[in-house]
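Take a look at the structure below.
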Amino acid sequence: MGAAEEQDHQDGEGWLTKAEVREMWPQIRPISITAVARANSVRTSTVRSPDPTGEPAYHAADVRHVAARIARGEADVAPWQRADSDAARDDAAPGPPVRHSAGWGPENVPGLILLAIIVGLMLWGLTSPDNHGTVTGFVR
């Protein structure tokens with residue numbers, strides 16, 4: 001980056017934060033701003049951005065140029081990167097979680113065996129002679 005560009009960056013002229021780019025590209029999902037900028041050759045600053053997230057600053061003229069190309073449908077933007085795409089709507093309002101019924105299938109066999117052992121021990125304990133809480137009957 002040249003001295004003039006560094007001066008522009010320090011003055012805040014010519015460079016935009018990611019939040020400012022989001023305002024200029026409302027059609028693009030916020031998570032895709034960096035990828036769309038890279039795909040459309042938007043220059044980024046190597047100097048630390050005033051943005052608290054630590055994201056690079058984006059060249060304002062490039063951002064404006066790409067904004068016009070996005071509006072005309074000429075920019076290099078994947079469908080899932082657009083805020084008005086089906087993927088964006090699915091992410092914004094996911095459906096209810098899918099519940100799978102617990103069946104008697106092979107994936108549940110270990111749990112069913114454990115359950116059978118526990119029930120068997122409980123029934124065996126009910127039918128065995130009562131030793132009134134002592135362990136002497138088991139020790140001898």
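By order of appearance in the structure tokens: chains A, B, ..., then residues from 1 within every chain, and ligands from 1 in the order shown.
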(request) Please provide as a list in words all residues within 12 Å of Ser41 in chain A, with the sequence filter that same-chain residues fewer than 6 positions apart are discarded (counting only C-alpha atoms). (result) Thr34, Ala35, Tyr58, His59, Ala61, Asp62, Val63, His65, Val66, Ala75 and Asp76 of chain A
Those residues you just picked out, can you put them in a file as an mmCIF file, in the first residue's frame with N, CA and C atoms?
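Listing of part-v1.cif after writing:
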```cif
data_model
loop_
_atom_site.group_PDB
_atom_site.id
_atom_site.type_symbol
_atom_site.label_atom_id
_atom_site.label_comp_id
_atom_site.auth_asym_id
_atom_site.auth_seq_id
_atom_site.Cartn_x
_atom_site.Cartn_y
_atom_site.Cartn_z
ATOM 1 N N THR A 34 -16.878 -11.079 3.319
ATOM 2 C CA THR A 34 -15.456 -11.243 3.007
ATOM 3 C C THR A 34 -15.270 -12.085 1.752
ATOM 4 N N ALA A 35 -16.018 -13.174 1.626
ATOM 5 C CA ALA A 35 -15.886 -14.053 0.456
ATOM 6 C C ALA A 35 -16.318 -13.344 -0.827
ATOM 7 N N TYR A 58 -12.140 -2.257 3.681
ATOM 8 C CA TYR A 58 -12.408 -2.497 2.262
ATOM 9 C C TYR A 58 -12.349 -1.184 1.501
ATOM 10 N N HIS A 59 -11.787 -1.203 0.304
ATOM 11 C CA HIS A 59 -11.632 0.002 -0.503
ATOM 12 C C HIS A 59 -13.015 0.483 -0.949
ATOM 13 N N ALA A 61 -14.169 2.658 -3.213
ATOM 14 C CA ALA A 61 -14.510 2.702 -4.633
ATOM 15 C C ALA A 61 -14.814 1.302 -5.160
ATOM 16 N N ASP A 62 -14.031 0.317 -4.717
ATOM 17 C CA ASP A 62 -14.286 -1.064 -5.132
ATOM 18 C C ASP A 62 -15.634 -1.548 -4.607
ATOM 19 N N VAL A 63 -15.942 -1.214 -3.359
ATOM 20 C CA VAL A 63 -17.209 -1.630 -2.756
ATOM 21 C C VAL A 63 -18.377 -1.022 -3.516
ATOM 22 N N HIS A 65 -18.379 -0.044 -6.648
ATOM 23 C CA HIS A 65 -18.416 -0.678 -7.969
ATOM 24 C C HIS A 65 -19.107 -2.046 -7.884
ATOM 25 N N VAL A 66 -18.751 -2.835 -6.891
ATOM 26 C CA VAL A 66 -19.357 -4.161 -6.727
ATOM 27 C C VAL A 66 -20.830 -4.028 -6.339
ATOM 28 N N ALA A 75 -22.319 -9.347 -10.516
ATOM 29 C CA ALA A 75 -21.239 -9.642 -9.574
ATOM 30 C C ALA A 75 -21.099 -11.149 -9.384
ATOM 31 N N ASP A 76 -19.899 -11.554 -8.986
ATOM 32 C CA ASP A 76 -19.616 -12.960 -8.713
ATOM 33 C C ASP A 76 -20.111 -13.275 -7.299
#
```
(request) Calculate how many Å separate CA of Ala57 in chain A from CA of Ala78 in chain A, rounding to one decimal. (result)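 According to the coordinates, CA of Ala57 in chain A and CA of Ala78 in chain A are separated by 22.4 Å.
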(message) Could you list, as a PyMOL selection string, every residue within 12 Å of range 67-69 of chain A, counting only C-alpha atoms and ignoring same-chain residues fewer than 3 positions away?
(response) chain A and resi 21-28+33+36-37+40+42+60-64+72-77
Those residues you just picked out, can you put them in a file as an mmCIF file, in the first residue's frame with N, CA, C and O atoms?
```
data_model
loop_
_atom_site.group_PDB
_atom_site.id
_atom_site.type_symbol
_atom_site.label_atom_id
_atom_site.label_comp_id
_atom_site.auth_asym_id
_atom_site.auth_seq_id
_atom_site.Cartn_x
_atom_site.Cartn_y
_atom_site.Cartn_z
ATOM 1 N N VAL A 21 -19.738 -1.879 4.760
ATOM 2 C CA VAL A 21 -19.934 -2.654 3.534
ATOM 3 C C VAL A 21 -21.282 -3.366 3.592
ATOM 4 O O VAL A 21 -22.009 -3.437 2.604
ATOM 5 N N ARG A 22 -21.629 -3.890 4.751
ATOM 6 C CA ARG A 22 -22.936 -4.550 4.913
ATOM 7 C C ARG A 22 -24.082 -3.609 4.565
ATOM 8 O O ARG A 22 -25.076 -4.021 3.989
ATOM 9 N N GLU A 23 -23.955 -2.356 4.954
ATOM 10 C CA GLU A 23 -24.992 -1.370 4.630
ATOM 11 C C GLU A 23 -25.077 -1.120 3.124
ATOM 12 O O GLU A 23 -26.160 -0.892 2.598
ATOM 13 N N MET A 24 -23.926 -1.182 2.440
ATOM 14 C CA MET A 24 -23.921 -0.935 0.996
ATOM 15 C C MET A 24 -24.312 -2.172 0.190
ATOM 16 O O MET A 24 -24.722 -2.058 -0.956
ATOM 17 N N TRP A 25 -24.177 -3.344 0.796
ATOM 18 C CA TRP A 25 -24.522 -4.603 0.134
ATOM 19 C C TRP A 25 -25.628 -5.319 0.915
ATOM 20 O O TRP A 25 -25.416 -6.407 1.462
ATOM 21 N N PRO A 26 -26.826 -4.778 1.011
ATOM 22 C CA PRO A 26 -27.871 -5.446 1.797
ATOM 23 C C PRO A 26 -28.309 -6.778 1.183
ATOM 24 O O PRO A 26 -28.902 -7.607 1.881
ATOM 25 N N GLN A 27 -27.990 -7.012 -0.090
ATOM 26 C CA GLN A 27 -28.372 -8.258 -0.745
ATOM 27 C C GLN A 27 -27.474 -9.430 -0.340
ATOM 28 O O GLN A 27 -27.779 -10.576 -0.639
ATOM 29 N N ILE A 28 -26.349 -9.131 0.324
ATOM 30 C CA ILE A 28 -25.368 -10.156 0.666
ATOM 31 C C ILE A 28 -25.493 -10.509 2.143
ATOM 32 O O ILE A 28 -25.617 -9.640 2.998
ATOM 33 N N ILE A 33 -19.724 -11.518 3.402
ATOM 34 C CA ILE A 33 -19.138 -10.255 2.937
ATOM 35 C C ILE A 33 -17.682 -10.444 2.501
ATOM 36 O O ILE A 33 -17.297 -10.026 1.410
ATOM 37 N N VAL A 36 -17.408 -12.588 -0.765
ATOM 38 C CA VAL A 36 -17.876 -11.854 -1.948
ATOM 39 C C VAL A 36 -16.876 -10.769 -2.320
ATOM 40 O O VAL A 36 -16.586 -10.563 -3.505
ATOM 41 N N ALA A 37 -16.317 -10.095 -1.329
ATOM 42 C CA ALA A 37 -15.309 -9.064 -1.610
ATOM 43 C C ALA A 37 -14.096 -9.688 -2.294
ATOM 44 O O ALA A 37 -13.586 -9.151 -3.283
ATOM 45 N N ASN A 40 -14.803 -10.725 -5.922
ATOM 46 C CA ASN A 40 -14.996 -9.602 -6.840
ATOM 47 C C ASN A 40 -13.828 -8.626 -6.821
ATOM 48 O O ASN A 40 -13.957 -7.487 -7.253
ATOM 49 N N VAL A 42 -12.227 -6.908 -4.499
ATOM 50 C CA VAL A 42 -12.261 -5.679 -3.697
ATOM 51 C C VAL A 42 -10.959 -5.614 -2.912
ATOM 52 O O VAL A 42 -10.583 -6.568 -2.232
ATOM 53 N N ALA A 60 -13.334 1.739 -0.631
ATOM 54 C CA ALA A 60 -14.685 2.274 -0.854
ATOM 55 C C ALA A 60 -15.084 2.274 -2.325
ATOM 56 O O ALA A 60 -16.212 1.927 -2.671
ATOM 57 N N ALA A 61 -14.169 2.658 -3.213
ATOM 58 C CA ALA A 61 -14.510 2.702 -4.633
ATOM 59 C C ALA A 61 -14.814 1.302 -5.160
ATOM 60 O O ALA A 61 -15.762 1.111 -5.932
ATOM 61 N N ASP A 62 -14.031 0.317 -4.717
ATOM 62 C CA ASP A 62 -14.286 -1.064 -5.132
ATOM 63 C C ASP A 62 -15.634 -1.548 -4.607
ATOM 64 O O ASP A 62 -16.379 -2.227 -5.310
ATOM 65 N N VAL A 63 -15.942 -1.214 -3.359
ATOM 66 C CA VAL A 63 -17.209 -1.630 -2.756
ATOM 67 C C VAL A 63 -18.377 -1.022 -3.516
ATOM 68 O O VAL A 63 -19.362 -1.701 -3.814
ATOM 69 N N ARG A 64 -18.270 0.264 -3.864
ATOM 70 C CA ARG A 64 -19.342 0.914 -4.634
ATOM 71 C C ARG A 64 -19.497 0.279 -6.009
ATOM 72 O O ARG A 64 -20.610 0.053 -6.489
ATOM 73 N N ARG A 72 -27.071 -5.020 -10.635
ATOM 74 C CA ARG A 72 -27.336 -5.420 -12.024
ATOM 75 C C ARG A 72 -27.312 -6.932 -12.203
ATOM 76 O O ARG A 72 -27.630 -7.434 -13.273
ATOM 77 N N GLY A 73 -26.892 -7.674 -11.165
ATOM 78 C CA GLY A 73 -26.807 -9.131 -11.261
ATOM 79 C C GLY A 73 -25.558 -9.622 -11.957
ATOM 80 O O GLY A 73 -25.499 -10.761 -12.409
ATOM 81 N N GLU A 74 -24.527 -8.789 -12.031
ATOM 82 C CA GLU A 74 -23.295 -9.127 -12.733
ATOM 83 C C GLU A 74 -22.162 -9.539 -11.805
ATOM 84 O O GLU A 74 -21.134 -10.026 -12.261
ATOM 85 N N ALA A 75 -22.319 -9.347 -10.516
ATOM 86 C CA ALA A 75 -21.239 -9.642 -9.574
ATOM 87 C C ALA A 75 -21.099 -11.149 -9.384
ATOM 88 O O ALA A 75 -22.035 -11.922 -9.601
ATOM 89 N N ASP A 76 -19.899 -11.554 -8.986
ATOM 90 C CA ASP A 76 -19.616 -12.960 -8.713
ATOM 91 C C ASP A 76 -20.111 -13.275 -7.299
ATOM 92 O O ASP A 76 -19.389 -13.108 -6.320
ATOM 93 N N VAL A 77 -21.376 -13.710 -7.222
ATOM 94 C CA VAL A 77 -22.010 -14.016 -5.932
ATOM 95 C C VAL A 77 -22.716 -15.363 -6.068
ATOM 96 O O VAL A 77 -23.562 -15.539 -6.947
#
```
(request) For CA of Lys18 in chain A and CA of Pro56 in chain A, quote the distance in Å rounded to one decimal. (result) 7.6 Å
